[in-house]
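Colleague: The following block contains the structure, expressed as structure tokens.
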Amino acid sequence: MSNAAKPRILTGDTPTATGLHLGHYVGSLETRLRLQDEYDCYFLIANVHAFTTLAEKAGEIRANTLGIVKDWLAVGLDPERSAFVLQSEIPAIAELTFLFAMIIPFNKVMRNPTLKTEIESKGLGETYPFGFPMYAVGQCADILAFRPELVPVGEDQEAHIEMCRDVAMKFNQLYGGVGNRVPADDHARAGSAGENAVFPVPRARIGRVARLVGIDGQNKMSKSLNNAIFLYDEAKVVQKKINSIRTDRPTTTSPLPESNPLSQYIDVFLPAERASQIKADYAAGKTIMDGHVKAEVGAAINALLDPIRSRRAALEAPAAPGRAGGDALVVDVIRAGVKKANAVAEETLMLAKRAMGLDFGRRVVGWE
Ligand code: AMP
């Protein structure tokens, strides 16, 4: 089936670190890898949103952007099948953000639980810029610009997807002639001016692991909370990080609480049978040395990461005669993805503006 005939997926990552971690892998990347053939996929790097917390570090955002694309390539996302999209190069996203900001209540944005958690866990206090809550509206535009059916994300993003669904439905009701009682799944068919006149109301697809906890055992694994195992971490570093997990068992026969990160990592990274055996041994009060379990979990994670690490290392190597490579290769991949993405996003913007009575001609966006 050609990509144009497939339903679309939009998802992405924010470049606030030089690479992605295990939480991204089990929360979202795995799903993306699985669905690459079935769906027309758009993977977005939210580089404008990275400025909400890193405005003084523009150089870092650029380096992080290139690093994340290298991780995508290293895990097996394929730019031949899926578009890698750079948010700052899609003008329709910025314009839709502005339009959506007009139909979403301010207080609703400020009540978004994901924003509240971020403000707390990142210690943003009252210092965050106006653009910080704005990014929640922007994320509705990131998604709806591609009129996707599915958005594969971790659990922390559910509130954002809910807001995005609300915006789509409100827009359809205000400008697409969709009645207030039409259920979300029927919106795409219910527009007064035909299917394309309204936004399909996208669904979140939560990954195999909804929320991978960080090695601190306190928060979700996160790039900015110093509790992450990165996909590019060397094998020794991975093992050291696993070894640093506190299990706080008073004796070697005490149970391991389910809330402990080691407990979750046993379930997530060891084969199912082996995981249940270890869990049964802990529960039965058998003598267990945590060090042995940590070594086993560390080895399993390293086996998963070995090929990813070596592909990323190869991508770090600069281009040589006859071989593309390094940052130049990444920039080429981004440029190709942006071109494909702008074709879809411009069409969406045109349809939205037409519905709003704002269409006065069609413009062309492209590279020089
Ligand atoms: P972010 O790094 O916040 O831009 O997140 C990118 C994607 O990875 C989103 O779909 C998140 O829900 C997902 N994600 C990030 N951290 C985790 C985690 N610790 N567990 C599960 N999913 C995660």
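Chain labels run A, B, ... following the order of the structure tokens; each chain numbers its residues from 1, and ligands are numbered from 1 in the order shown.
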Write out as a PDB file with N, CA and C atoms, in the first residue's frame each polymer residue (protein, DNA or RNA) that has an atom no more than 10 Å from ligand 1, with only C-alpha atoms and all ligand atoms counted.
Modeller:
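Output (selection-v6.pdb):
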```pdb
ATOM      1  N   THR A  11       4.008  11.401  16.257  1.00  0.00           N
ATOM      2  CA  THR A  11       4.529  11.398  17.622  1.00  0.00           C
ATOM      3  C   THR A  11       5.911  12.030  17.592  1.00  0.00           C
ATOM      4  N   GLY A  12       6.537  12.195  18.753  1.00  0.00           N
ATOM      5  CA  GLY A  12       7.858  12.815  18.694  1.00  0.00           C
ATOM      6  C   GLY A  12       8.514  12.962  20.042  1.00  0.00           C
ATOM      7  N   ASP A  13       9.637  13.682  20.018  1.00  0.00           N
ATOM      8  CA  ASP A  13      10.449  13.863  21.215  1.00  0.00           C
ATOM      9  C   ASP A  13      10.934  15.315  21.280  1.00  0.00           C
ATOM     10  N   THR A  14      11.206  15.758  22.510  1.00  0.00           N
ATOM     11  CA  THR A  14      11.704  17.127  22.688  1.00  0.00           C
ATOM     12  C   THR A  14      13.218  17.081  22.890  1.00  0.00           C
ATOM     13  N   PRO A  15      13.982  17.890  22.146  1.00  0.00           N
ATOM     14  CA  PRO A  15      15.450  17.786  22.251  1.00  0.00           C
ATOM     15  C   PRO A  15      16.017  18.543  23.451  1.00  0.00           C
ATOM     16  N   THR A  16      15.722  18.042  24.649  1.00  0.00           N
ATOM     17  CA  THR A  16      16.278  18.664  25.850  1.00  0.00           C
ATOM     18  C   THR A  16      17.490  17.889  26.381  1.00  0.00           C
ATOM     19  N   ALA A  17      17.939  16.866  25.662  1.00  0.00           N
ATOM     20  CA  ALA A  17      19.187  16.163  26.006  1.00  0.00           C
ATOM     21  C   ALA A  17      19.778  15.628  24.712  1.00  0.00           C
ATOM     22  N   GLY A  19      20.370  12.786  23.731  1.00  0.00           N
ATOM     23  CA  GLY A  19      19.883  11.520  23.200  1.00  0.00           C
ATOM     24  C   GLY A  19      18.693  11.034  24.001  1.00  0.00           C
ATOM     25  N   LEU A  20      18.196   9.873  23.617  1.00  0.00           N
ATOM     26  CA  LEU A  20      16.991   9.319  24.244  1.00  0.00           C
ATOM     27  C   LEU A  20      17.379   8.247  25.264  1.00  0.00           C
ATOM     28  N   HIS A  21      16.411   7.897  26.112  1.00  0.00           N
ATOM     29  CA  HIS A  21      16.703   6.930  27.175  1.00  0.00           C
ATOM     30  C   HIS A  21      15.769   5.719  27.090  1.00  0.00           C
ATOM     31  N   LEU A  22      15.952   4.809  28.041  1.00  0.00           N
ATOM     32  CA  LEU A  22      15.160   3.566  28.013  1.00  0.00           C
ATOM     33  C   LEU A  22      13.664   3.823  28.154  1.00  0.00           C
ATOM     34  N   GLY A  23      13.282   4.888  28.860  1.00  0.00           N
ATOM     35  CA  GLY A  23      11.859   5.229  28.992  1.00  0.00           C
ATOM     36  C   GLY A  23      11.263   5.540  27.629  1.00  0.00           C
ATOM     37  N   HIS A  24      12.004   6.301  26.821  1.00  0.00           N
ATOM     38  CA  HIS A  24      11.529   6.578  25.452  1.00  0.00           C
ATOM     39  C   HIS A  24      11.399   5.278  24.665  1.00  0.00           C
ATOM     40  N   TYR A  25      12.377   4.388  24.874  1.00  0.00           N
ATOM     41  CA  TYR A  25      12.393   3.161  24.068  1.00  0.00           C
ATOM     42  C   TYR A  25      11.158   2.311  24.348  1.00  0.00           C
ATOM     43  N   VAL A  26      10.934   2.001  25.631  1.00  0.00           N
ATOM     44  CA  VAL A  26       9.815   1.085  25.934  1.00  0.00           C
ATOM     45  C   VAL A  26       8.469   1.810  25.952  1.00  0.00           C
ATOM     46  N   GLY A  27       8.500   3.157  26.093  1.00  0.00           N
ATOM     47  CA  GLY A  27       7.254   3.917  26.132  1.00  0.00           C
ATOM     48  C   GLY A  27       6.747   4.299  24.753  1.00  0.00           C
ATOM     49  N   SER A  28       7.661   4.512  23.801  1.00  0.00           N
ATOM     50  CA  SER A  28       7.187   5.015  22.506  1.00  0.00           C
ATOM     51  C   SER A  28       7.949   4.460  21.286  1.00  0.00           C
ATOM     52  N   LEU A  29       9.294   4.381  21.389  1.00  0.00           N
ATOM     53  CA  LEU A  29      10.060   3.984  20.187  1.00  0.00           C
ATOM     54  C   LEU A  29       9.692   2.589  19.696  1.00  0.00           C
ATOM     55  N   LEU A  44       8.220  13.796  15.034  1.00  0.00           N
ATOM     56  CA  LEU A  44       8.517  15.227  15.168  1.00  0.00           C
ATOM     57  C   LEU A  44       9.560  15.488  16.247  1.00  0.00           C
ATOM     58  N   ILE A  45      10.524  16.355  15.928  1.00  0.00           N
ATOM     59  CA  ILE A  45      11.439  16.836  16.964  1.00  0.00           C
ATOM     60  C   ILE A  45      10.930  18.198  17.393  1.00  0.00           C
ATOM     61  N   ALA A  46      10.477  18.280  18.644  1.00  0.00           N
ATOM     62  CA  ALA A  46       9.845  19.513  19.131  1.00  0.00           C
ATOM     63  C   ALA A  46      10.924  20.499  19.568  1.00  0.00           C
ATOM     64  N   ASN A  47      11.705  20.997  18.594  1.00  0.00           N
ATOM     65  CA  ASN A  47      12.843  21.857  18.967  1.00  0.00           C
ATOM     66  C   ASN A  47      12.407  23.243  19.428  1.00  0.00           C
ATOM     67  N   HIS A  49       9.703  23.774  21.207  1.00  0.00           N
ATOM     68  CA  HIS A  49       9.268  23.566  22.591  1.00  0.00           C
ATOM     69  C   HIS A  49      10.457  23.399  23.552  1.00  0.00           C
ATOM     70  N   ALA A  50      11.593  22.978  23.028  1.00  0.00           N
ATOM     71  CA  ALA A  50      12.778  22.848  23.903  1.00  0.00           C
ATOM     72  C   ALA A  50      13.182  24.212  24.464  1.00  0.00           C
ATOM     73  N   GLU A 118       5.293  18.855  35.542  1.00  0.00           N
ATOM     74  CA  GLU A 118       6.587  19.326  35.018  1.00  0.00           C
ATOM     75  C   GLU A 118       7.102  20.529  35.797  1.00  0.00           C
ATOM     76  N   VAL A 151      -1.560   8.424  18.086  1.00  0.00           N
ATOM     77  CA  VAL A 151      -0.407   9.122  18.643  1.00  0.00           C
ATOM     78  C   VAL A 151       0.240   8.192  19.678  1.00  0.00           C
ATOM     79  N   PRO A 152       1.307   7.472  19.295  1.00  0.00           N
ATOM     80  CA  PRO A 152       1.941   6.554  20.260  1.00  0.00           C
ATOM     81  C   PRO A 152       2.785   7.320  21.275  1.00  0.00           C
ATOM     82  N   VAL A 153       2.416   7.247  22.547  1.00  0.00           N
ATOM     83  CA  VAL A 153       3.088   8.025  23.598  1.00  0.00           C
ATOM     84  C   VAL A 153       3.143   7.252  24.906  1.00  0.00           C
ATOM     85  N   GLY A 154       3.924   7.775  25.839  1.00  0.00           N
ATOM     86  CA  GLY A 154       3.916   7.264  27.213  1.00  0.00           C
ATOM     87  C   GLY A 154       2.747   7.889  27.975  1.00  0.00           C
ATOM     88  N   GLU A 155       2.502   7.323  29.158  1.00  0.00           N
ATOM     89  CA  GLU A 155       1.339   7.723  29.957  1.00  0.00           C
ATOM     90  C   GLU A 155       1.338   9.222  30.311  1.00  0.00           C
ATOM     91  N   ASP A 156       2.563   9.792  30.485  1.00  0.00           N
ATOM     92  CA  ASP A 156       2.650  11.201  30.888  1.00  0.00           C
ATOM     93  C   ASP A 156       2.012  12.135  29.854  1.00  0.00           C
ATOM     94  N   GLN A 157       1.839  11.631  28.636  1.00  0.00           N
ATOM     95  CA  GLN A 157       1.313  12.495  27.576  1.00  0.00           C
ATOM     96  C   GLN A 157      -0.204  12.421  27.447  1.00  0.00           C
ATOM     97  N   GLU A 158      -0.837  11.572  28.248  1.00  0.00           N
ATOM     98  CA  GLU A 158      -2.280  11.365  28.070  1.00  0.00           C
ATOM     99  C   GLU A 158      -3.084  12.655  28.196  1.00  0.00           C
ATOM    100  N   HIS A 160      -2.150  15.630  27.517  1.00  0.00           N
ATOM    101  CA  HIS A 160      -1.963  16.441  26.299  1.00  0.00           C
ATOM    102  C   HIS A 160      -2.830  15.914  25.156  1.00  0.00           C
ATOM    103  N   ALA A 204      -4.644   8.247  21.640  1.00  0.00           N
ATOM    104  CA  ALA A 204      -3.308   7.939  22.171  1.00  0.00           C
ATOM    105  C   ALA A 204      -3.123   6.429  22.109  1.00  0.00           C
ATOM    106  N   ARG A 205      -1.916   5.976  21.790  1.00  0.00           N
ATOM    107  CA  ARG A 205      -1.597   4.544  21.916  1.00  0.00           C
ATOM    108  C   ARG A 205      -0.452   4.464  22.927  1.00  0.00           C
ATOM    109  N   ILE A 206      -0.793   4.005  24.136  1.00  0.00           N
ATOM    110  CA  ILE A 206       0.229   3.928  25.190  1.00  0.00           C
ATOM    111  C   ILE A 206       1.116   2.716  24.923  1.00  0.00           C
ATOM    112  N   GLY A 207       2.428   2.894  25.133  1.00  0.00           N
ATOM    113  CA  GLY A 207       3.402   1.846  24.789  1.00  0.00           C
ATOM    114  C   GLY A 207       3.350   0.646  25.725  1.00  0.00           C
ATOM    115  N   ARG A 208       4.230  -0.326  25.441  1.00  0.00           N
ATOM    116  CA  ARG A 208       4.295  -1.550  26.251  1.00  0.00           C
ATOM    117  C   ARG A 208       4.446  -1.203  27.730  1.00  0.00           C
ATOM    118  N   VAL A 209       5.246  -0.165  28.013  1.00  0.00           N
ATOM    119  CA  VAL A 209       5.423   0.287  29.387  1.00  0.00           C
ATOM    120  C   VAL A 209       4.910   1.730  29.454  1.00  0.00           C
ATOM    121  N   ALA A 210       3.849   1.934  30.212  1.00  0.00           N
ATOM    122  CA  ALA A 210       3.202   3.253  30.233  1.00  0.00           C
ATOM    123  C   ALA A 210       4.108   4.312  30.848  1.00  0.00           C
ATOM    124  N   ARG A 211       4.878   3.867  31.884  1.00  0.00           N
ATOM    125  CA  ARG A 211       5.733   4.833  32.599  1.00  0.00           C
ATOM    126  C   ARG A 211       6.911   4.063  33.171  1.00  0.00           C
ATOM    127  N   LEU A 212       8.083   4.262  32.598  1.00  0.00           N
ATOM    128  CA  LEU A 212       9.268   3.601  33.152  1.00  0.00           C
ATOM    129  C   LEU A 212       9.839   4.509  34.228  1.00  0.00           C
ATOM    130  N   VAL A 213      10.003   3.956  35.419  1.00  0.00           N
ATOM    131  CA  VAL A 213      10.510   4.780  36.520  1.00  0.00           C
ATOM    132  C   VAL A 213      12.025   4.974  36.347  1.00  0.00           C
ATOM    133  N   GLY A 214      12.544   6.087  36.855  1.00  0.00           N
ATOM    134  CA  GLY A 214      13.983   6.360  36.768  1.00  0.00           C
ATOM    135  C   GLY A 214      14.751   5.581  37.809  1.00  0.00           C
ATOM    136  N   ASN A 219      10.819   9.415  40.295  1.00  0.00           N
ATOM    137  CA  ASN A 219      10.129  10.038  39.164  1.00  0.00           C
ATOM    138  C   ASN A 219      10.163   9.104  37.964  1.00  0.00           C
ATOM    139  N   LYS A 220       9.382   9.476  36.920  1.00  0.00           N
ATOM    140  CA  LYS A 220       9.522   8.739  35.658  1.00  0.00           C
ATOM    141  C   LYS A 220      10.942   8.979  35.143  1.00  0.00           C
ATOM    142  N   MET A 221      11.464   8.026  34.395  1.00  0.00           N
ATOM    143  CA  MET A 221      12.786   8.241  33.817  1.00  0.00           C
ATOM    144  C   MET A 221      12.685   9.451  32.904  1.00  0.00           C
ATOM    145  N   SER A 222      13.616  10.394  33.071  1.00  0.00           N
ATOM    146  CA  SER A 222      13.498  11.655  32.347  1.00  0.00           C
ATOM    147  C   SER A 222      14.888  12.183  32.005  1.00  0.00           C
ATOM    148  N   LYS A 223      14.979  12.827  30.842  1.00  0.00           N
ATOM    149  CA  LYS A 223      16.265  13.365  30.395  1.00  0.00           C
ATOM    150  C   LYS A 223      16.827  14.374  31.373  1.00  0.00           C
ATOM    151  N   SER A 224      15.930  15.140  32.011  1.00  0.00           N
ATOM    152  CA  SER A 224      16.422  16.271  32.789  1.00  0.00           C
ATOM    153  C   SER A 224      16.446  16.018  34.302  1.00  0.00           C
ATOM    154  N   ASN A 227      18.196  10.758  36.205  1.00  0.00           N
ATOM    155  CA  ASN A 227      17.804   9.419  36.665  1.00  0.00           C
ATOM    156  C   ASN A 227      17.647   8.456  35.477  1.00  0.00           C
ATOM    157  N   ALA A 228      18.293   8.833  34.350  1.00  0.00           N
ATOM    158  CA  ALA A 228      18.032   8.091  33.103  1.00  0.00           C
ATOM    159  C   ALA A 228      19.206   7.221  32.678  1.00  0.00           C
TER     160      ALA A 228
END
```
Colleague: Which of region 27-236 of chain A end up as strand (DSSP E) when DSSP is run on this backbone - answer as a list in words?
Modeller: Asp40, Cys41, Tyr42, Phe43, Leu44, Ile45, Ala83, Phe84, Val85, Leu86, Leu150, Val151, Pro152, Val153, Arg203, Ala204, Arg205 and Ile206 of chain A
Colleague: Choose the residue, out of A:Thr247, A:Thr97, A:Asn172, A:Asn112, that has the smallest atom-to-atom separation from Pro200 (chain A); count only C-alpha atoms.
Modeller: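 Closest candidate: A:Asn172.
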Colleague: With only C-alpha atoms as the basis for distance, which of A:Leu270, A:Ile9, A:Ala355, A:Val365 is at the shortest distance from Gly177 (chain A)?
Modeller: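 Smallest separation from Gly177 (chain A) among the options: A:Ala355.
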Colleague: Name the residues of region 160-352 of chain A that fall into alpha helix (DSSP H) according to DSSP on the backbone, using the chain letters and numbers of this document, as a PyMOL selection string.
Modeller: chain A and resi 160-175+187-190+235-243+261-269+272-283+290-316+326-352
Colleague: In Å, with one decimal, what is the gap from CA of Lys294 (chain A) to CA of Ile242 (chain A)?
Modeller: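 The value is 6.2 Å.
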Colleague: Considering only C-alpha atoms, give me a table of residues in region 291-321 of chain A that are at most 10 Å from region 60-76 of chain A, with the closest atom pair and distance in Å for each, as a Markdown table.
Modeller:
```
| residue | atom | partner | partner_atom | distance |
| --- | --- | --- | --- | --- |
| A:Leu305 | CA | A:Val75 | CA | 8.9 |
| A:Pro307 | CA | A:Ala74 | CA | 8.0 |
| A:Ile308 | CA | A:Ala74 | CA | 5.1 |
| A:Arg309 | CA | A:Ala74 | CA | 7.3 |
| A:Ser310 | CA | A:Ala74 | CA | 8.0 |
| A:Arg311 | CA | A:Ala74 | CA | 5.0 |
| A:Arg312 | CA | A:Ala74 | CA | 5.2 |
| A:Ala313 | CA | A:Ala74 | CA | 8.8 |
| A:Ala314 | CA | A:Ala74 | CA | 9.0 |
| A:Leu315 | CA | A:Lys70 | CA | 6.6 |
| A:Glu316 | CA | A:Lys70 | CA | 8.0 |
```
Colleague: Expressed in Å to a single decimal, how great is the separation between CA of Asp359 (chain A) and CA of Ala190 (chain A)?
Modeller: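 About the pair CA of Asp359 (chain A) and CA of Ala190 (chain A): they are 21.8 Å apart.
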Colleague: Would you list the contacts of region 296-298 of chain A as JSON, numbers by chain, taking every protein, DNA or RNA residue within 12 Å and counting only C-alpha atoms, but skipping same-chain residues closer than 6 positions in sequence?
Modeller: {"A": [229, 233, 234, 235, 236, 237, 238, 239, 240, 241, 242, 243, 244, 245, 261, 262, 263, 264, 265, 266, 267, 268, 269, 270, 271, 274, 275, 278, 289, 290, 304, 305, 306]}
Colleague: Atoms to include: C-alpha atoms. Write the selected residues as a compact mmCIF listing (two decimals), in the first residue's frame.
Modeller:
```
# COMPACT_ATOMS: atom_id res chain seq x y z
CA ILE A 229 19.88 5.31 31.32
CA ASP A 233 25.47 5.02 27.58
CA GLU A 234 28.45 2.69 27.49
CA ALA A 235 27.94 -0.83 28.86
CA LYS A 236 29.96 -0.04 31.99
CA VAL A 237 27.91 3.11 32.65
CA VAL A 238 24.65 1.17 32.26
CA GLN A 239 25.75 -1.44 34.80
CA LYS A 240 26.96 1.25 37.20
CA LYS A 241 23.61 3.03 37.00
CA ILE A 242 21.72 -0.23 37.63
CA ASN A 243 24.03 -0.99 40.57
CA SER A 244 23.23 2.41 42.07
CA ILE A 245 19.53 1.55 42.51
CA PRO A 261 12.82 0.40 40.00
CA LEU A 262 14.71 -2.92 40.00
CA SER A 263 11.38 -4.72 40.26
CA GLN A 264 10.01 -2.90 37.21
CA TYR A 265 13.23 -3.42 35.23
CA ILE A 266 13.09 -7.18 35.94
CA ASP A 267 9.62 -7.26 34.34
CA VAL A 268 10.48 -4.99 31.45
CA PHE A 269 13.92 -6.18 30.38
CA LEU A 270 14.15 -9.88 31.33
CA PRO A 271 12.31 -12.62 29.44
CA ARG A 274 12.80 -15.57 34.04
CA ALA A 275 11.14 -12.46 35.48
CA ILE A 278 12.87 -14.13 40.17
CA MET A 289 21.72 -11.17 46.46
CA ASP A 290 20.49 -8.01 44.75
CA LEU A 304 19.34 -4.61 23.90
CA LEU A 305 21.55 -1.53 23.63
CA ASP A 306 24.64 -3.08 22.00
```
Colleague: Show me, as an MDAnalysis selection string, the residues that have an atom within 12 Å of region 343-347 of chain A when counting only C-alpha atoms, minus same-chain residues fewer than 4 positions from it.
Modeller: chainID A and resid 4 8 10 40:42 83 85 87 89:96 141:148 196:197 336:339 351:354 359 362:366
Colleague: Could you tell me how far CA of Ile301 (chain A) lies from CA of Phe43 (chain A), in Å and to one decimal?
Modeller: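 Separation of CA of Ile301 (chain A) and CA of Phe43 (chain A): 24.7 Å.
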Colleague: Which residues, written as an mmCIF file with C-alpha atoms, in the first residue's frame, have at least one atom at most 12 Å from Asp248 (chain A), with only C-alpha atoms counted and residues fewer than 2 positions away on the same chain left out?
Modeller:
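Listed below is the output, out35.cif:
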```cif
data_model
loop_
_atom_site.group_PDB
_atom_site.id
_atom_site.type_symbol
_atom_site.label_atom_id
_atom_site.label_comp_id
_atom_site.auth_asym_id
_atom_site.auth_seq_id
_atom_site.Cartn_x
_atom_site.Cartn_y
_atom_site.Cartn_z
ATOM 1 C CA GLY A 217 12.817 5.346 42.109
ATOM 2 C CA SER A 244 23.234 2.414 42.072
ATOM 3 C CA ILE A 245 19.526 1.548 42.512
ATOM 4 C CA ARG A 246 18.703 1.404 46.224
ATOM 5 C CA PRO A 250 16.876 -5.147 55.405
ATOM 6 C CA THR A 251 18.042 -8.755 54.766
ATOM 7 C CA THR A 252 18.790 -10.929 51.750
ATOM 8 C CA THR A 253 15.482 -12.757 52.306
ATOM 9 C CA SER A 254 13.299 -9.618 52.472
ATOM 10 C CA PRO A 255 10.810 -9.043 49.659
ATOM 11 C CA LEU A 256 11.530 -6.525 46.882
ATOM 12 C CA PRO A 257 8.702 -3.942 46.766
ATOM 13 C CA SER A 259 7.460 0.029 43.482
ATOM 14 C CA ASN A 260 11.244 -0.419 43.396
ATOM 15 C CA PRO A 261 12.820 0.400 40.002
ATOM 16 C CA LEU A 262 14.710 -2.921 40.003
ATOM 17 C CA ASP A 290 20.487 -8.006 44.745
#
```
